[in-house]
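Next comes entry-v5.cif, a file with mmCIF, C-alpha atoms.
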```
data_structure
loop_
_atom_site.group_PDB
_atom_site.id
_atom_site.type_symbol
_atom_site.label_atom_id
_atom_site.label_comp_id
_atom_site.auth_asym_id
_atom_site.auth_seq_id
_atom_site.Cartn_x
_atom_site.Cartn_y
_atom_site.Cartn_z
ATOM 1 C CA MET O 1484 0.000 0.000 0.000
ATOM 2 C CA THR O 1485 1.129 3.536 -0.723
ATOM 3 C CA PHE O 1486 0.483 6.436 1.616
ATOM 4 C CA ASP O 1487 0.845 10.185 1.276
ATOM 5 C CA VAL O 1488 2.396 11.534 4.458
ATOM 6 C CA VAL O 1489 2.499 15.068 5.820
ATOM 7 C CA VAL O 1490 4.702 15.664 8.849
ATOM 8 C CA GLU O 1491 4.349 19.036 10.526
ATOM 9 C CA VAL O 1492 7.324 19.803 12.742
ATOM 10 C CA ARG O 1493 6.674 22.533 15.323
ATOM 11 C CA LEU O 1494 8.741 24.045 18.089
ATOM 12 C CA ARG O 1495 7.415 22.967 21.480
ATOM 13 C CA PRO O 1496 5.461 25.598 23.429
ATOM 14 C CA GLY O 1497 7.843 27.822 25.391
ATOM 15 C CA ILE O 1498 10.773 27.347 23.016
ATOM 16 C CA ALA O 1499 11.852 30.720 21.578
ATOM 17 C CA ASP O 1500 11.044 31.166 17.875
ATOM 18 C CA PRO O 1501 13.201 34.044 16.548
ATOM 19 C CA GLN O 1502 11.958 33.537 12.968
ATOM 20 C CA GLY O 1503 8.324 33.846 14.072
ATOM 21 C CA SER O 1504 9.103 36.868 16.266
ATOM 22 C CA THR O 1505 10.818 38.617 13.365
ATOM 23 C CA ILE O 1506 7.794 38.078 11.096
ATOM 24 C CA GLU O 1507 5.468 39.331 13.827
ATOM 25 C CA ARG O 1508 7.549 42.475 14.447
ATOM 26 C CA ALA O 1509 7.695 43.261 10.728
ATOM 27 C CA LEU O 1510 3.945 43.003 10.041
ATOM 28 C CA PRO O 1511 2.633 46.331 11.456
ATOM 29 C CA ALA O 1512 5.119 48.267 9.288
ATOM 30 C CA LEU O 1513 3.778 46.399 6.248
ATOM 31 C CA GLY O 1514 0.187 47.305 7.077
ATOM 32 C CA PHE O 1515 -0.974 44.023 8.628
ATOM 33 C CA ASP O 1516 -2.623 44.488 11.995
ATOM 34 C CA GLY O 1517 -4.207 41.985 14.337
ATOM 35 C CA VAL O 1518 -1.691 39.212 13.739
ATOM 36 C CA SER O 1519 -0.129 37.618 16.817
ATOM 37 C CA GLY O 1520 1.538 34.442 18.040
ATOM 38 C CA VAL O 1521 3.491 33.741 14.858
ATOM 39 C CA ARG O 1522 5.328 30.384 14.990
ATOM 40 C CA VAL O 1523 7.284 28.952 12.090
ATOM 41 C CA GLY O 1524 7.666 25.214 11.628
ATOM 42 C CA LYS O 1525 8.481 22.761 8.862
ATOM 43 C CA SER O 1526 6.116 20.784 6.733
ATOM 44 C CA ILE O 1527 7.605 17.649 5.199
ATOM 45 C CA ARG O 1528 5.640 15.710 2.566
ATOM 46 C CA PHE O 1529 6.534 12.301 1.155
ATOM 47 C CA THR O 1530 5.182 8.999 -0.071
ATOM 48 C CA VAL O 1531 5.741 5.791 1.874
ATOM 49 C CA THR O 1532 5.139 2.207 0.775
ATOM 50 C CA ALA O 1533 4.316 -0.419 3.430
ATOM 51 C CA ILE O 1534 2.282 -3.599 3.919
ATOM 52 C CA ASP O 1535 -0.456 -1.910 5.956
ATOM 53 C CA GLU O 1536 -1.327 1.363 7.662
ATOM 54 C CA SER O 1537 0.024 0.433 11.105
ATOM 55 C CA THR O 1538 3.411 -0.556 9.629
ATOM 56 C CA ALA O 1539 3.548 2.710 7.700
ATOM 57 C CA ARG O 1540 2.613 4.721 10.779
ATOM 58 C CA ALA O 1541 5.241 2.968 12.914
ATOM 59 C CA GLU O 1542 7.925 3.646 10.285
ATOM 60 C CA VAL O 1543 6.942 7.322 9.978
ATOM 61 C CA ASP O 1544 6.834 7.799 13.764
ATOM 62 C CA ASP O 1545 10.298 6.269 14.100
ATOM 63 C CA LEU O 1546 11.563 8.437 11.227
ATOM 64 C CA CYS O 1547 10.174 11.583 12.891
ATOM 65 C CA HIS O 1548 11.676 10.729 16.228
ATOM 66 C CA ARG O 1549 15.133 9.739 14.989
ATOM 67 C CA PHE O 1550 15.683 11.929 11.982
ATOM 68 C CA LEU O 1551 13.158 14.641 11.128
ATOM 69 C CA THR O 1552 12.799 16.291 14.525
ATOM 70 C CA ASN O 1553 14.849 17.172 17.529
ATOM 71 C CA PRO O 1554 12.541 15.729 20.230
ATOM 72 C CA VAL O 1555 14.056 17.992 22.888
ATOM 73 C CA ILE O 1556 12.667 21.155 21.303
ATOM 74 C CA GLU O 1557 10.276 19.970 18.597
ATOM 75 C CA ASP O 1558 6.934 18.166 18.269
ATOM 76 C CA ALA O 1559 5.756 16.345 15.159
ATOM 77 C CA GLU O 1560 2.213 15.835 13.901
ATOM 78 C CA VAL O 1561 1.759 13.082 11.309
ATOM 79 C CA ILE O 1562 -1.091 12.876 8.785
ATOM 80 C CA LEU O 1563 -1.278 9.684 6.701
ATOM 81 C CA SER O 1564 -3.625 9.206 3.761
ATOM 82 C CA VAL O 1565 -3.987 6.166 1.516
ATOM 83 C CA VAL O 1566 -3.054 6.735 -2.135
ATOM 84 C CA SER O 1567 -3.275 3.202 -3.497
ATOM 85 C CA PRO O 1568 -4.719 0.235 -1.553
ATOM 86 C CA ALA O 1569 -3.084 -3.203 -1.373
ATOM 87 C CA SER O 1570 -3.005 -5.013 -4.713
ATOM 88 C CA MET B 1480 -13.521 37.518 15.689
ATOM 89 C CA THR B 1481 -10.318 35.612 16.270
ATOM 90 C CA PHE B 1482 -9.023 32.945 13.904
ATOM 91 C CA ASP B 1483 -6.267 30.357 14.136
ATOM 92 C CA VAL B 1484 -4.414 30.303 10.846
ATOM 93 C CA VAL B 1485 -2.090 27.662 9.404
ATOM 94 C CA VAL B 1486 -0.229 28.590 6.238
ATOM 95 C CA GLU B 1487 1.616 25.769 4.502
ATOM 96 C CA VAL B 1488 4.229 27.100 2.095
ATOM 97 C CA ARG B 1489 5.362 24.559 -0.498
ATOM 98 C CA LEU B 1490 7.745 24.715 -3.420
ATOM 99 C CA ARG B 1491 5.833 24.585 -6.712
ATOM 100 C CA PRO B 1492 5.979 21.271 -8.587
ATOM 101 C CA GLY B 1493 9.106 21.102 -10.737
ATOM 102 C CA ILE B 1494 11.156 23.438 -8.541
ATOM 103 C CA ALA B 1495 14.263 21.652 -7.233
ATOM 104 C CA ASP B 1496 14.179 20.859 -3.506
ATOM 105 C CA PRO B 1497 17.763 20.136 -2.364
ATOM 106 C CA GLN B 1498 16.717 19.776 1.288
ATOM 107 C CA GLY B 1499 14.116 17.141 0.392
ATOM 108 C CA SER B 1500 16.557 15.325 -1.907
ATOM 109 C CA THR B 1501 19.160 15.197 0.844
ATOM 110 C CA ILE B 1502 16.677 13.672 3.298
ATOM 111 C CA GLU B 1503 15.581 11.127 0.676
ATOM 112 C CA ARG B 1504 19.169 10.111 -0.129
ATOM 113 C CA ALA B 1505 20.021 9.694 3.552
ATOM 114 C CA LEU B 1506 17.062 7.461 4.469
ATOM 115 C CA PRO B 1507 18.170 4.053 3.061
ATOM 116 C CA ALA B 1508 21.448 4.277 5.029
ATOM 117 C CA LEU B 1509 19.392 4.871 8.190
ATOM 118 C CA GLY B 1510 17.241 1.809 7.554
ATOM 119 C CA PHE B 1511 14.130 3.496 6.151
ATOM 120 C CA ASP B 1512 12.989 1.980 2.885
ATOM 121 C CA GLY B 1513 10.012 2.759 0.707
ATOM 122 C CA VAL B 1514 10.112 6.523 1.211
ATOM 123 C CA SER B 1515 10.061 8.681 -1.920
ATOM 124 C CA GLY B 1516 9.165 12.132 -3.164
ATOM 125 C CA VAL B 1517 10.365 14.033 -0.089
ATOM 126 C CA ARG B 1518 9.536 17.754 -0.272
ATOM 127 C CA VAL B 1519 10.235 20.186 2.549
ATOM 128 C CA GLY B 1520 8.112 23.282 3.068
ATOM 129 C CA LYS B 1521 7.280 25.716 5.830
ATOM 130 C CA SER B 1522 4.325 25.702 8.150
ATOM 131 C CA ILE B 1523 3.480 29.082 9.668
ATOM 132 C CA ARG B 1524 0.893 29.323 12.440
ATOM 133 C CA PHE B 1525 -0.590 32.499 13.869
ATOM 134 C CA THR B 1526 -3.701 34.147 15.253
ATOM 135 C CA VAL B 1527 -5.508 36.878 13.362
ATOM 136 C CA THR B 1528 -8.246 39.213 14.573
ATOM 137 C CA ALA B 1529 -10.739 40.588 12.026
ATOM 138 C CA ILE B 1530 -14.387 41.640 11.718
ATOM 139 C CA ASP B 1531 -15.467 38.529 9.813
ATOM 140 C CA GLU B 1532 -14.070 35.445 8.084
ATOM 141 C CA SER B 1533 -13.882 36.973 4.598
ATOM 142 C CA THR B 1534 -11.888 39.971 5.892
ATOM 143 C CA ALA B 1535 -9.534 37.638 7.741
ATOM 144 C CA ARG B 1536 -9.108 35.428 4.671
ATOM 145 C CA ALA B 1537 -8.389 38.434 2.428
ATOM 146 C CA GLU B 1538 -5.773 39.738 4.871
ATOM 147 C CA VAL B 1539 -4.083 36.335 5.164
ATOM 148 C CA ASP B 1540 -4.074 35.820 1.368
ATOM 149 C CA ASP B 1541 -2.487 39.237 0.866
ATOM 150 C CA LEU B 1542 0.057 38.498 3.620
ATOM 151 C CA CYS B 1543 0.976 35.173 1.964
ATOM 152 C CA HIS B 1544 1.348 36.730 -1.438
ATOM 153 C CA ARG B 1545 3.369 39.776 -0.381
ATOM 154 C CA PHE B 1546 5.401 38.540 2.532
ATOM 155 C CA LEU B 1547 5.330 34.865 3.488
ATOM 156 C CA THR B 1548 5.933 33.301 0.081
ATOM 157 C CA ASN B 1549 7.876 33.917 -3.063
ATOM 158 C CA PRO B 1550 5.020 33.433 -5.575
ATOM 159 C CA VAL B 1551 7.485 32.673 -8.380
ATOM 160 C CA ILE B 1552 8.614 29.402 -6.798
ATOM 161 C CA GLU B 1553 6.195 28.783 -3.906
ATOM 162 C CA ASP B 1554 2.523 27.960 -3.356
ATOM 163 C CA ALA B 1555 0.623 28.624 -0.141
ATOM 164 C CA GLU B 1556 -2.292 26.723 1.339
ATOM 165 C CA VAL B 1557 -4.290 28.562 4.013
ATOM 166 C CA ILE B 1558 -6.421 26.904 6.694
ATOM 167 C CA LEU B 1559 -8.503 29.235 8.857
ATOM 168 C CA SER B 1560 -10.420 28.125 11.939
ATOM 169 C CA VAL B 1561 -12.551 30.235 14.276
ATOM 170 C CA VAL B 1562 -11.261 30.492 17.842
ATOM 171 C CA SER B 1563 -13.656 33.044 19.297
ATOM 172 C CA PRO B 1564 -16.796 34.291 17.521
ATOM 173 C CA ALA B 1565 -17.842 37.945 17.310
ATOM 174 C CA SER B 1566 -18.819 39.443 20.646
#
```

How would this structure read if it were set down as C-alpha coordinates?
Amino acid sequence: MTFDVVVEVRLRPGIADPQGSTIERALPALGFDGVSGVRVGKSIRFTVTAIDESTARAEVDDLCHRFLTNPVIEDAEVILSVVSPAS
Amino acid sequence: MTFDVVVEVRLRPGIADPQGSTIERALPALGFDGVSGVRVGKSIRFTVTAIDESTARAEVDDLCHRFLTNPVIEDAEVILSVVSPAS
(Lines of atoms letter the chains of each structure in order from A and count residues from 1; the text may use other names and numbers.)
(Lines give C-alpha, C1' and ligand atoms only; values in the text may rest on other atoms or scores of the structure.)
Protein backbone atom coordinates (compact mmCIF):
# COMPACT_ATOMS: atom_id res chain seq x y z
CA MET A 1 0.00 0.00 0.00
CA THR A 2 1.13 3.54 -0.72
CA PHE A 3 0.48 6.44 1.62
CA ASP A 4 0.85 10.18 1.28
CA VAL A 5 2.40 11.53 4.46
CA VAL A 6 2.50 15.07 5.82
CA VAL A 7 4.70 15.66 8.85
CA GLU A 8 4.35 19.04 10.53
CA VAL A 9 7.32 19.80 12.74
CA ARG A 10 6.67 22.53 15.32
CA LEU A 11 8.74 24.05 18.09
CA ARG A 12 7.41 22.97 21.48
CA PRO A 13 5.46 25.60 23.43
CA GLY A 14 7.84 27.82 25.39
CA ILE A 15 10.77 27.35 23.02
CA ALA A 16 11.85 30.72 21.58
CA ASP A 17 11.04 31.17 17.87
CA PRO A 18 13.20 34.04 16.55
CA GLN A 19 11.96 33.54 12.97
CA GLY A 20 8.32 33.85 14.07
CA SER A 21 9.10 36.87 16.27
CA THR A 22 10.82 38.62 13.37
CA ILE A 23 7.79 38.08 11.10
CA GLU A 24 5.47 39.33 13.83
CA ARG A 25 7.55 42.47 14.45
CA ALA A 26 7.69 43.26 10.73
CA LEU A 27 3.95 43.00 10.04
CA PRO A 28 2.63 46.33 11.46
CA ALA A 29 5.12 48.27 9.29
CA LEU A 30 3.78 46.40 6.25
CA GLY A 31 0.19 47.30 7.08
CA PHE A 32 -0.97 44.02 8.63
CA ASP A 33 -2.62 44.49 11.99
CA GLY A 34 -4.21 41.99 14.34
CA VAL A 35 -1.69 39.21 13.74
CA SER A 36 -0.13 37.62 16.82
CA GLY A 37 1.54 34.44 18.04
CA VAL A 38 3.49 33.74 14.86
CA ARG A 39 5.33 30.38 14.99
CA VAL A 40 7.28 28.95 12.09
CA GLY A 41 7.67 25.21 11.63
CA LYS A 42 8.48 22.76 8.86
CA SER A 43 6.12 20.78 6.73
CA ILE A 44 7.60 17.65 5.20
CA ARG A 45 5.64 15.71 2.57
CA PHE A 46 6.53 12.30 1.16
CA THR A 47 5.18 9.00 -0.07
CA VAL A 48 5.74 5.79 1.87
CA THR A 49 5.14 2.21 0.77
CA ALA A 50 4.32 -0.42 3.43
CA ILE A 51 2.28 -3.60 3.92
CA ASP A 52 -0.46 -1.91 5.96
CA GLU A 53 -1.33 1.36 7.66
CA SER A 54 0.02 0.43 11.10
CA THR A 55 3.41 -0.56 9.63
CA ALA A 56 3.55 2.71 7.70
CA ARG A 57 2.61 4.72 10.78
CA ALA A 58 5.24 2.97 12.91
CA GLU A 59 7.92 3.65 10.29
CA VAL A 60 6.94 7.32 9.98
CA ASP A 61 6.83 7.80 13.76
CA ASP A 62 10.30 6.27 14.10
CA LEU A 63 11.56 8.44 11.23
CA CYS A 64 10.17 11.58 12.89
CA HIS A 65 11.68 10.73 16.23
CA ARG A 66 15.13 9.74 14.99
CA PHE A 67 15.68 11.93 11.98
CA LEU A 68 13.16 14.64 11.13
CA THR A 69 12.80 16.29 14.52
CA ASN A 70 14.85 17.17 17.53
CA PRO A 71 12.54 15.73 20.23
CA VAL A 72 14.06 17.99 22.89
CA ILE A 73 12.67 21.16 21.30
CA GLU A 74 10.28 19.97 18.60
CA ASP A 75 6.93 18.17 18.27
CA ALA A 76 5.76 16.34 15.16
CA GLU A 77 2.21 15.83 13.90
CA VAL A 78 1.76 13.08 11.31
CA ILE A 79 -1.09 12.88 8.79
CA LEU A 80 -1.28 9.68 6.70
CA SER A 81 -3.62 9.21 3.76
CA VAL A 82 -3.99 6.17 1.52
CA VAL A 83 -3.05 6.74 -2.14
CA SER A 84 -3.28 3.20 -3.50
CA PRO A 85 -4.72 0.23 -1.55
CA ALA A 86 -3.08 -3.20 -1.37
CA SER A 87 -3.00 -5.01 -4.71
CA MET B 1 -13.52 37.52 15.69
CA THR B 2 -10.32 35.61 16.27
CA PHE B 3 -9.02 32.94 13.90
CA ASP B 4 -6.27 30.36 14.14
CA VAL B 5 -4.41 30.30 10.85
CA VAL B 6 -2.09 27.66 9.40
CA VAL B 7 -0.23 28.59 6.24
CA GLU B 8 1.62 25.77 4.50
CA VAL B 9 4.23 27.10 2.09
CA ARG B 10 5.36 24.56 -0.50
CA LEU B 11 7.74 24.71 -3.42
CA ARG B 12 5.83 24.59 -6.71
CA PRO B 13 5.98 21.27 -8.59
CA GLY B 14 9.11 21.10 -10.74
CA ILE B 15 11.16 23.44 -8.54
CA ALA B 16 14.26 21.65 -7.23
CA ASP B 17 14.18 20.86 -3.51
CA PRO B 18 17.76 20.14 -2.36
CA GLN B 19 16.72 19.78 1.29
CA GLY B 20 14.12 17.14 0.39
CA SER B 21 16.56 15.33 -1.91
CA THR B 22 19.16 15.20 0.84
CA ILE B 23 16.68 13.67 3.30
CA GLU B 24 15.58 11.13 0.68
CA ARG B 25 19.17 10.11 -0.13
CA ALA B 26 20.02 9.69 3.55
CA LEU B 27 17.06 7.46 4.47
CA PRO B 28 18.17 4.05 3.06
CA ALA B 29 21.45 4.28 5.03
CA LEU B 30 19.39 4.87 8.19
CA GLY B 31 17.24 1.81 7.55
CA PHE B 32 14.13 3.50 6.15
CA ASP B 33 12.99 1.98 2.88
CA GLY B 34 10.01 2.76 0.71
CA VAL B 35 10.11 6.52 1.21
CA SER B 36 10.06 8.68 -1.92
CA GLY B 37 9.17 12.13 -3.16
CA VAL B 38 10.36 14.03 -0.09
CA ARG B 39 9.54 17.75 -0.27
CA VAL B 40 10.24 20.19 2.55
CA GLY B 41 8.11 23.28 3.07
CA LYS B 42 7.28 25.72 5.83
CA SER B 43 4.32 25.70 8.15
CA ILE B 44 3.48 29.08 9.67
CA ARG B 45 0.89 29.32 12.44
CA PHE B 46 -0.59 32.50 13.87
CA THR B 47 -3.70 34.15 15.25
CA VAL B 48 -5.51 36.88 13.36
CA THR B 49 -8.25 39.21 14.57
CA ALA B 50 -10.74 40.59 12.03
CA ILE B 51 -14.39 41.64 11.72
CA ASP B 52 -15.47 38.53 9.81
CA GLU B 53 -14.07 35.45 8.08
CA SER B 54 -13.88 36.97 4.60
CA THR B 55 -11.89 39.97 5.89
CA ALA B 56 -9.53 37.64 7.74
CA ARG B 57 -9.11 35.43 4.67
CA ALA B 58 -8.39 38.43 2.43
CA GLU B 59 -5.77 39.74 4.87
CA VAL B 60 -4.08 36.33 5.16
CA ASP B 61 -4.07 35.82 1.37
CA ASP B 62 -2.49 39.24 0.87
CA LEU B 63 0.06 38.50 3.62
CA CYS B 64 0.98 35.17 1.96
CA HIS B 65 1.35 36.73 -1.44
CA ARG B 66 3.37 39.78 -0.38
CA PHE B 67 5.40 38.54 2.53
CA LEU B 68 5.33 34.87 3.49
CA THR B 69 5.93 33.30 0.08
CA ASN B 70 7.88 33.92 -3.06
CA PRO B 71 5.02 33.43 -5.58
CA VAL B 72 7.49 32.67 -8.38
CA ILE B 73 8.61 29.40 -6.80
CA GLU B 74 6.19 28.78 -3.91
CA ASP B 75 2.52 27.96 -3.36
CA ALA B 76 0.62 28.62 -0.14
CA GLU B 77 -2.29 26.72 1.34
CA VAL B 78 -4.29 28.56 4.01
CA ILE B 79 -6.42 26.90 6.69
CA LEU B 80 -8.50 29.23 8.86
CA SER B 81 -10.42 28.12 11.94
CA VAL B 82 -12.55 30.23 14.28
CA VAL B 83 -11.26 30.49 17.84
CA SER B 84 -13.66 33.04 19.30
CA PRO B 85 -16.80 34.29 17.52
CA ALA B 86 -17.84 37.95 17.31
CA SER B 87 -18.82 39.44 20.65

Selection: 8 Å around range 1515-1520 of chain B, only C-alpha atoms, excl. self and same-chain fewer than 4 positions, as an MDAnalysis selection string: (chainID O and resid 1525:1531) or (chainID B and resid 1487:1490 1496 1498:1500 1502:1503)

Kindly indicate which residue among B:Cys1543, B:Ile1552, B:Ile1558, B:Val1514 lies nearest to chain O, using only C-alpha atoms for the distances.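 Among the listed residues, the smallest separation from chain O belongs to B:Val1514.
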
Explicit residue set for the PyMOL selection byres ((chain B and resi 1535-1539) around 12), as an MDAnalysis selection string: (chainID O and resid 1510 1513:1518) or (chainID B and resid 1480:1486 1523:1534 1540:1548 1555:1561)

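Put simply, CA of Asn1549 in chain B is 15.0 Å away from CA of Gly1493 in chain B.
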
Which value, in Å to one decimal, gives the distance between CA of Pro1554 in chain O and CA of Ala1508 in chain B?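 According to the coordinates, CA of Pro1554 in chain O and CA of Ala1508 in chain B are separated by 21.0 Å.
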
At what distance in Å, to one decimal, does CA of Ala1499 in chain O lie from CA of Glu1557 in chain O?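 For CA of Glu1557 in chain O relative to CA of Ala1499 in chain O, the distance reads 11.3 Å.
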